[in-house]
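Before any comments, here is the structure.
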Amino acid sequence: MSISMNLDGRIAVVTGASSGIGAATAEHLASLGARVALVARRADRLDDLAARIADGGGRALVLAADVTDAAALREAAGRVRSEWGPAGLLFNNAGVMLPAPVEQLAADQWRHQIDLNVTGLMNAVEAFLPQLVESAAANGVADLVNTSSILAQNVLPGFAVYSATKAYVTHLSRHLRAELGGKDVRVSAIEPGIVGTELQDHVTDQGVRAWLEGSREVMEWLTPQDVAATVGFLASLPPRVNLQQVTIMPTRQAS
Ligand code: NDP
């Protein structure tokens, strides 16, 4: 199998594009030739990223939107279609991790994670799936890449709700792959271990923060660019090849 890392002509949408994995992936997909629509709430960050992409000779479209707002995402999808045509790659990536011992009953944080990691992800599927199907019919392949986590598989005290949202993402991805493969829409779940991003800054539980800081002393965390390269690789594979699940870990992270 030869792989040409060239996404010329592809129209990509990246949610969570204002920082971390999403920003790095948007930049990488653009460097491979894709046009990239940038979705997140912080418009100023998206404007800066779009300017960097344009400076590098790429094309980006800023779509400031909250993915928990289904109507806003439908509107964003309409903009992609009217400006560029149907999207052929959705990197469904916006998410938040708010771990804490379950007995703290941090129900607002439970809801936030479920609203974003599950409902927000589904809102993006609702808004963009028709375009992926249409693009696959026209171009022979389209990609839905969902950001899950190694915690979809592992049990770690304090991470119950986050892990459960990511187990949802991985299991949903498997089902969607089975349903959509017949239409040449590939579906993948990416399950990263620890990646250094703003994700860790949102953690409020002091025990988990200390655990994260300790882990940084004994291992080199992944960079957002490591995950971005993986997404670029998935999308560059020949149309017959669909990596269903990719686990990407820091070499020194055991589990
Ligand atoms: P970041 O916090 O850096 O990025 C999260 C992104 O999601 C931001 O762009 C943020 O933008 C966006 N976002 C948050 N809320 C919303 C919302 N309501 N609507 C639209 N966008 C939103 O973290 P990461 O890059 O690490 O996280 C990306 C994904 O990777 C997440 O799904 C996370 O669970 C997953 N992951 C991360 C790992 C890690 O160790 N970092 C490991 C495994 C998985 P804005 O605030 O501007 O809206």
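Every chain in the structure tokens has a letter given in the order shown (A, B, ...), and although residue numbers restart at 1 in each chain, ligands are simply numbered from 1 in the order shown.
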Taking 6 positions as the minimum chain separation for residues in the same chain, which residues sit within 12 Å of Asn154 of chain A when counting only C-alpha atoms? Answer as a ChimeraX atom specification. /A:160,162-164,166-167,191-193,247,254-255
Could you write out the selected residues, including N, CA, C and O atoms, as an mmCIF file, in the first residue's frame?
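So the final result, stored in again.cif, reads:
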```cif
data_model
loop_
_atom_site.group_PDB
_atom_site.id
_atom_site.type_symbol
_atom_site.label_atom_id
_atom_site.label_comp_id
_atom_site.auth_asym_id
_atom_site.auth_seq_id
_atom_site.Cartn_x
_atom_site.Cartn_y
_atom_site.Cartn_z
ATOM 1 N N ALA A 160 -15.022 8.478 36.096
ATOM 2 C CA ALA A 160 -16.164 7.665 35.664
ATOM 3 C C ALA A 160 -16.977 8.333 34.545
ATOM 4 O O ALA A 160 -17.248 7.722 33.505
ATOM 5 N N TYR A 162 -16.329 11.058 32.602
ATOM 6 C CA TYR A 162 -15.544 11.325 31.384
ATOM 7 C C TYR A 162 -15.330 10.030 30.604
ATOM 8 O O TYR A 162 -15.551 9.974 29.392
ATOM 9 N N SER A 163 -14.895 8.979 31.315
ATOM 10 C CA SER A 163 -14.652 7.690 30.648
ATOM 11 C C SER A 163 -15.910 7.188 29.965
ATOM 12 O O SER A 163 -15.852 6.657 28.845
ATOM 13 N N ALA A 164 -17.032 7.335 30.639
ATOM 14 C CA ALA A 164 -18.289 6.847 30.065
ATOM 15 C C ALA A 164 -18.647 7.625 28.802
ATOM 16 O O ALA A 164 -19.132 7.046 27.822
ATOM 17 N N LYS A 166 -16.550 8.857 26.751
ATOM 18 C CA LYS A 166 -15.639 8.427 25.693
ATOM 19 C C LYS A 166 -15.927 6.979 25.266
ATOM 20 O O LYS A 166 -15.720 6.630 24.091
ATOM 21 N N ALA A 167 -16.400 6.147 26.194
ATOM 22 C CA ALA A 167 -16.840 4.800 25.794
ATOM 23 C C ALA A 167 -17.994 4.927 24.803
ATOM 24 O O ALA A 167 -18.091 4.175 23.827
ATOM 25 N N GLU A 191 -8.160 7.234 20.077
ATOM 26 C CA GLU A 191 -8.117 7.123 21.546
ATOM 27 C C GLU A 191 -6.729 7.520 22.031
ATOM 28 O O GLU A 191 -5.841 6.670 22.164
ATOM 29 N N PRO A 192 -6.525 8.812 22.314
ATOM 30 C CA PRO A 192 -5.206 9.213 22.800
ATOM 31 C C PRO A 192 -5.056 8.959 24.301
ATOM 32 O O PRO A 192 -6.025 9.019 25.061
ATOM 33 N N GLY A 193 -3.794 8.700 24.679
ATOM 34 C CA GLY A 193 -3.411 8.823 26.087
ATOM 35 C C GLY A 193 -3.217 10.303 26.381
ATOM 36 O O GLY A 193 -3.842 11.148 25.737
ATOM 37 N N THR A 247 -5.328 3.764 18.947
ATOM 38 C CA THR A 247 -4.897 4.136 20.287
ATOM 39 C C THR A 247 -3.500 4.718 20.168
ATOM 40 O O THR A 247 -2.611 4.062 19.628
ATOM 41 N N ALA A 254 1.756 3.741 30.842
ATOM 42 C CA ALA A 254 1.449 2.316 30.874
ATOM 43 C C ALA A 254 -0.013 2.061 30.512
ATOM 44 O O ALA A 254 -0.319 1.128 29.759
ATOM 45 N N SER A 255 -0.937 2.835 31.072
ATOM 46 C CA SER A 255 -2.354 2.595 30.794
ATOM 47 C C SER A 255 -3.167 3.839 31.088
ATOM 48 O O SER A 255 -2.650 4.802 31.634
#
```
Please report, as number ranges by chain, each residue of segment 178-247 of chain A to which DSSP assigns helix (DSSP H, G or I) when run on this structure's backbone. A: 178-183, 198-202, 206-218, 224-236
Collect all residues with atoms no farther than 8 Å from ligand 1, counting only C-alpha atoms and all ligand atoms, and output them as a compact mmCIF listing (two decimals) with C-alpha atoms, in the first residue's frame.
```
# COMPACT_ATOMS: atom_id res chain seq x y z
CA THR A 15 -14.67 21.03 15.99
CA GLY A 16 -12.70 22.21 19.00
CA ALA A 17 -10.40 24.00 16.58
CA SER A 18 -9.46 26.88 18.88
CA SER A 19 -6.83 25.00 20.90
CA GLY A 20 -4.97 21.76 21.51
CA ILE A 21 -5.62 18.77 19.27
CA GLY A 22 -8.25 20.49 17.12
CA ALA A 23 -6.07 23.54 16.34
CA VAL A 39 -15.58 25.38 14.77
CA ALA A 40 -15.31 26.44 18.44
CA ARG A 41 -16.66 29.22 20.65
CA ARG A 42 -13.60 31.50 20.88
CA ALA A 43 -13.78 33.42 17.60
CA ARG A 45 -8.58 32.14 18.49
CA LEU A 46 -10.18 30.86 15.30
CA ALA A 64 -17.72 30.41 15.74
CA ALA A 65 -20.34 28.13 17.30
CA ASP A 66 -21.16 26.23 20.46
CA VAL A 67 -21.48 22.56 19.52
CA THR A 68 -24.07 22.00 22.24
CA ASP A 69 -26.35 24.27 20.18
CA ASN A 92 -15.50 15.59 15.69
CA ASN A 93 -13.21 16.59 18.49
CA ALA A 94 -14.59 19.25 20.88
CA GLY A 95 -14.61 17.88 24.41
CA VAL A 96 -13.88 18.50 28.05
CA MET A 97 -12.51 16.37 30.91
CA LEU A 116 -20.39 18.46 25.21
CA ASN A 117 -18.74 15.06 24.72
CA GLY A 120 -22.28 18.08 21.15
CA THR A 147 -11.99 11.94 19.27
CA SER A 148 -12.40 9.39 22.01
CA SER A 149 -9.78 8.58 24.69
CA ILE A 150 -7.82 5.69 26.10
CA LEU A 151 -10.23 6.11 29.00
CA TYR A 162 -15.54 11.33 31.38
CA LYS A 166 -15.64 8.43 25.69
CA ILE A 190 -8.98 8.06 17.97
CA GLU A 191 -8.12 7.12 21.55
CA PRO A 192 -5.21 9.21 22.80
CA GLY A 193 -3.41 8.82 26.09
CA ILE A 194 -2.23 12.04 27.72
CA VAL A 195 -1.71 14.95 25.33
CA GLY A 196 -0.46 18.30 26.63
CA THR A 197 -3.28 20.79 25.87
CA GLU A 198 -5.67 23.13 27.70
CA LEU A 199 -7.68 20.04 28.69
CA GLN A 200 -5.69 19.67 31.89
CA ASP A 201 -6.21 23.36 32.82
CA HIS A 202 -9.96 22.82 33.23
CA LEU A 222 2.08 13.49 23.51
CA PRO A 224 -1.32 17.89 19.79
```
Hey, what's within 8 Å of Ala235 of chain A if we count only C-alpha atoms and toss same-chain stuff fewer than 4 positions away? As a PyMOL selection string, please? chain A and resi 7+89+143+231
How would the residues just chosen look if you wrote them out with C-alpha atoms as an mmCIF file, in the first residue's frame?
```
data_model
loop_
_atom_site.group_PDB
_atom_site.id
_atom_site.type_symbol
_atom_site.label_atom_id
_atom_site.label_comp_id
_atom_site.auth_asym_id
_atom_site.auth_seq_id
_atom_site.Cartn_x
_atom_site.Cartn_y
_atom_site.Cartn_z
ATOM 1 C CA LEU A 7 -5.659 16.106 0.847
ATOM 2 C CA LEU A 89 -14.082 15.094 6.479
ATOM 3 C CA ASP A 143 -14.163 10.538 6.767
ATOM 4 C CA VAL A 231 -5.736 12.225 11.652
#
```
List the neighbours of Gly56 of chain A out to 12 Å using only C-alpha atoms; skip same-chain residues closer than 2 positions along the sequence, and give me the result as a list in words. Glu27, His28, Leu29, Ala30, Ser31, Leu32, Gly33, Leu49, Ala50, Ala51, Arg52, Ile53, Ala54, Gly58, Arg59 and Ala60 of chain A
Now that the selection is made, can you save its residues with C-alpha atoms as a PDB file, in the first residue's frame?
```
ATOM      1  CA  GLU A  27      -3.362  23.386  10.679  1.00  0.00           C
ATOM      2  CA  HIS A  28      -2.030  19.997   9.613  1.00  0.00           C
ATOM      3  CA  LEU A  29      -4.984  19.159   7.353  1.00  0.00           C
ATOM      4  CA  ALA A  30      -4.598  22.576   5.721  1.00  0.00           C
ATOM      5  CA  SER A  31      -0.881  21.914   5.199  1.00  0.00           C
ATOM      6  CA  LEU A  32      -1.862  18.702   3.377  1.00  0.00           C
ATOM      7  CA  GLY A  33      -4.084  20.682   1.021  1.00  0.00           C
ATOM      8  CA  LEU A  49      -5.594  30.197  13.348  1.00  0.00           C
ATOM      9  CA  ALA A  50      -7.287  31.067  10.047  1.00  0.00           C
ATOM     10  CA  ALA A  51      -4.700  33.809   9.512  1.00  0.00           C
ATOM     11  CA  ARG A  52      -1.839  31.336  10.192  1.00  0.00           C
ATOM     12  CA  ILE A  53      -3.365  28.867   7.744  1.00  0.00           C
ATOM     13  CA  ALA A  54      -3.753  31.588   5.107  1.00  0.00           C
ATOM     14  CA  GLY A  58      -4.081  27.289   2.966  1.00  0.00           C
ATOM     15  CA  ARG A  59      -7.782  28.126   3.127  1.00  0.00           C
ATOM     16  CA  ALA A  60      -9.831  28.303   6.320  1.00  0.00           C
TER      17      ALA A  60
END
```
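Selecting strand (DSSP E or B) from the backbone DSSP output for segment 52-246 of chain A yields Arg59, Ala60, Leu61, Val62, Leu63, Ala64, Leu89, Leu90, Phe91, Asn92, Ala142, Asp143, Leu144, Val145, Asn146, Thr147, Val185, Arg186, Val187, Ser188, Ala189, Ile190, Glu191, Pro192, Val195, Leu222, Gln245 and Val246 of chain A.
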Deliver the residues from the most recent selection as a file, using N, CA, C and O atoms, as a short mmCIF file (atom, residue, chain, number, x, y, z; two decimals), in the first residue's frame.
```cif
data_model
loop_
_atom_site.label_atom_id
_atom_site.label_comp_id
_atom_site.auth_asym_id
_atom_site.auth_seq_id
_atom_site.Cartn_x
_atom_site.Cartn_y
_atom_site.Cartn_z
N ARG A 59 -6.49 27.43 3.08
CA ARG A 59 -7.78 28.13 3.13
C ARG A 59 -8.57 27.67 4.34
O ARG A 59 -8.74 26.46 4.58
N ALA A 60 -9.08 28.63 5.11
CA ALA A 60 -9.83 28.30 6.32
C ALA A 60 -11.08 29.17 6.40
O ALA A 60 -11.11 30.28 5.88
N LEU A 61 -12.09 28.63 7.04
CA LEU A 61 -13.37 29.33 7.22
C LEU A 61 -13.68 29.30 8.72
O LEU A 61 -13.72 28.23 9.32
N VAL A 62 -13.87 30.48 9.30
CA VAL A 62 -14.15 30.56 10.73
C VAL A 62 -15.65 30.44 10.97
O VAL A 62 -16.44 31.20 10.43
N LEU A 63 -16.04 29.46 11.79
CA LEU A 63 -17.44 29.25 12.13
C LEU A 63 -17.56 29.20 13.64
O LEU A 63 -17.54 28.12 14.25
N ALA A 64 -17.63 30.37 14.28
CA ALA A 64 -17.72 30.41 15.74
C ALA A 64 -19.08 29.85 16.15
O ALA A 64 -20.12 30.38 15.74
N LEU A 89 -14.83 15.58 5.31
CA LEU A 89 -14.08 15.09 6.48
C LEU A 89 -14.59 15.86 7.70
O LEU A 89 -14.58 17.10 7.69
N LEU A 90 -15.07 15.16 8.69
CA LEU A 90 -15.45 15.81 9.96
C LEU A 90 -14.55 15.26 11.05
O LEU A 90 -14.56 14.05 11.33
N PHE A 91 -13.75 16.14 11.65
CA PHE A 91 -12.98 15.76 12.84
C PHE A 91 -13.80 16.25 14.03
O PHE A 91 -13.82 17.43 14.36
N ASN A 92 -14.50 15.30 14.65
CA ASN A 92 -15.50 15.59 15.69
C ASN A 92 -14.78 15.49 17.03
O ASN A 92 -14.71 14.42 17.63
N ALA A 142 -15.29 9.51 2.23
CA ALA A 142 -15.36 10.64 3.16
C ALA A 142 -14.99 10.09 4.53
O ALA A 142 -14.99 8.86 4.74
N ASP A 143 -14.65 10.98 5.45
CA ASP A 143 -14.16 10.54 6.77
C ASP A 143 -14.90 11.22 7.90
O ASP A 143 -15.04 12.45 7.91
N LEU A 144 -15.32 10.39 8.86
CA LEU A 144 -15.81 10.89 10.14
C LEU A 144 -14.83 10.37 11.19
O LEU A 144 -14.74 9.16 11.41
N VAL A 145 -14.07 11.27 11.78
CA VAL A 145 -13.08 10.88 12.79
C VAL A 145 -13.51 11.48 14.12
O VAL A 145 -13.61 12.70 14.26
N ASN A 146 -13.81 10.61 15.08
CA ASN A 146 -14.29 11.06 16.38
C ASN A 146 -13.17 10.97 17.42
O ASN A 146 -12.48 9.94 17.49
N THR A 147 -13.01 12.00 18.23
CA THR A 147 -11.99 11.94 19.27
C THR A 147 -12.57 11.28 20.52
O THR A 147 -13.46 11.81 21.17
N VAL A 185 -18.35 6.05 3.55
CA VAL A 185 -17.97 6.97 4.63
C VAL A 185 -17.22 6.14 5.65
O VAL A 185 -17.77 5.23 6.27
N ARG A 186 -15.92 6.44 5.81
CA ARG A 186 -15.12 5.76 6.82
C ARG A 186 -15.36 6.41 8.18
O ARG A 186 -15.53 7.63 8.26
N VAL A 187 -15.38 5.60 9.22
CA VAL A 187 -15.55 6.15 10.56
C VAL A 187 -14.43 5.59 11.43
O VAL A 187 -14.18 4.39 11.43
N SER A 188 -13.78 6.49 12.17
CA SER A 188 -12.67 6.09 13.05
C SER A 188 -12.84 6.74 14.41
O SER A 188 -13.35 7.86 14.51
N ALA A 189 -12.40 6.04 15.44
CA ALA A 189 -12.28 6.64 16.77
C ALA A 189 -10.79 6.72 17.09
O ALA A 189 -10.08 5.73 16.97
N ILE A 190 -10.37 7.91 17.51
CA ILE A 190 -8.98 8.06 17.97
C ILE A 190 -9.00 8.08 19.49
O ILE A 190 -9.77 8.84 20.09
N GLU A 191 -8.16 7.23 20.08
CA GLU A 191 -8.12 7.12 21.55
C GLU A 191 -6.73 7.52 22.03
O GLU A 191 -5.84 6.67 22.16
N PRO A 192 -6.53 8.81 22.31
CA PRO A 192 -5.21 9.21 22.80
C PRO A 192 -5.06 8.96 24.30
O PRO A 192 -6.03 9.02 25.06
N VAL A 195 -2.22 13.98 26.29
CA VAL A 195 -1.71 14.95 25.33
C VAL A 195 -1.65 16.30 26.05
O VAL A 195 -2.64 16.70 26.68
N LEU A 222 2.23 13.26 24.95
CA LEU A 222 2.08 13.49 23.51
C LEU A 222 1.87 14.99 23.26
O LEU A 222 1.40 15.72 24.15
N GLN A 245 -10.16 2.01 14.89
CA GLN A 245 -9.82 2.58 16.19
C GLN A 245 -8.31 2.74 16.25
O GLN A 245 -7.59 1.81 15.90
N VAL A 246 -7.87 3.89 16.69
CA VAL A 246 -6.43 4.11 16.83
C VAL A 246 -6.14 4.54 18.26
O VAL A 246 -6.67 5.55 18.72
#
```
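Residues surrounding segment 100-109 of chain A within 10 Å are Ile114, Asp115, Pro157, Gly158, Phe159, Ala160, Val161, Tyr162, Val203, Thr204, Asp205, Gln206, Gly207 and Val208 of chain A [only C-alpha atoms; sequence separation below 5 positions excluded].
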Extract, using only C-alpha atoms, all DNA, RNA and protein residues at most 12 Å from Ala136 of chain A, discarding same-chain residues fewer than 5 positions from it, and format them as a PyMOL selection string. chain A and resi 10-11+86-89+129-131+141-144+180-186+239
Selection above as a file: N, CA and C atoms, as a tab-separated table (two decimals), in the first residue's frame:
```
chain	number	residue	atom	x	y	z
A	10	ARG	N	-10.04	18.17	-0.61
A	10	ARG	CA	-10.91	17.73	0.50
A	10	ARG	C	-11.42	18.96	1.27
A	11	ILE	N	-12.65	18.86	1.72
A	11	ILE	CA	-13.26	19.91	2.55
A	11	ILE	C	-13.44	19.34	3.94
A	86	PRO	N	-20.17	20.32	-0.13
A	86	PRO	CA	-20.32	19.40	1.01
A	86	PRO	C	-18.99	19.00	1.66
A	87	ALA	N	-18.98	18.99	2.99
A	87	ALA	CA	-17.78	18.57	3.72
A	87	ALA	C	-17.54	17.08	3.50
A	88	GLY	N	-16.26	16.72	3.35
A	88	GLY	CA	-15.89	15.32	3.15
A	88	GLY	C	-15.05	14.76	4.29
A	89	LEU	N	-14.83	15.58	5.31
A	89	LEU	CA	-14.08	15.09	6.48
A	89	LEU	C	-14.59	15.86	7.70
A	129	LEU	N	-23.45	14.88	8.70
A	129	LEU	CA	-23.51	13.55	8.07
A	129	LEU	C	-24.07	13.58	6.65
A	130	PRO	N	-25.15	14.32	6.38
A	130	PRO	CA	-25.64	14.33	4.99
A	130	PRO	C	-24.57	14.80	4.02
A	131	GLN	N	-23.74	15.75	4.43
A	131	GLN	CA	-22.68	16.24	3.55
A	131	GLN	C	-21.61	15.18	3.35
A	141	VAL	N	-14.92	8.62	-1.25
A	141	VAL	CA	-14.65	8.39	0.16
A	141	VAL	C	-14.90	9.68	0.95
A	142	ALA	N	-15.29	9.51	2.23
A	142	ALA	CA	-15.36	10.64	3.16
A	142	ALA	C	-14.99	10.09	4.53
A	143	ASP	N	-14.65	10.98	5.45
A	143	ASP	CA	-14.16	10.54	6.77
A	143	ASP	C	-14.90	11.22	7.90
A	144	LEU	N	-15.32	10.39	8.86
A	144	LEU	CA	-15.81	10.89	10.14
A	144	LEU	C	-14.83	10.37	11.19
A	180	LEU	N	-22.23	3.03	7.82
A	180	LEU	CA	-21.92	4.00	6.75
A	180	LEU	C	-20.88	3.50	5.76
A	181	GLY	N	-20.20	2.40	6.11
A	181	GLY	CA	-19.16	1.89	5.20
A	181	GLY	C	-19.71	1.61	3.82
A	182	GLY	N	-20.94	1.11	3.76
A	182	GLY	CA	-21.56	0.81	2.47
A	182	GLY	C	-21.75	2.04	1.61
A	183	LYS	N	-21.64	3.21	2.24
A	183	LYS	CA	-21.74	4.46	1.46
A	183	LYS	C	-20.38	5.13	1.32
A	184	ASP	N	-19.34	4.37	1.60
A	184	ASP	CA	-17.95	4.87	1.46
A	184	ASP	C	-17.61	5.98	2.45
A	185	VAL	N	-18.35	6.05	3.55
A	185	VAL	CA	-17.97	6.97	4.63
A	185	VAL	C	-17.22	6.14	5.65
A	186	ARG	N	-15.92	6.44	5.81
A	186	ARG	CA	-15.12	5.76	6.82
A	186	ARG	C	-15.36	6.41	8.18
A	239	PRO	N	-9.09	4.71	-0.28
A	239	PRO	CA	-10.50	4.64	0.11
A	239	PRO	C	-10.95	3.29	0.65
```
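The spacing separating atom CA of Glu134 of chain A from atom CA of Glu75 of chain A amounts to 17.7 Å.
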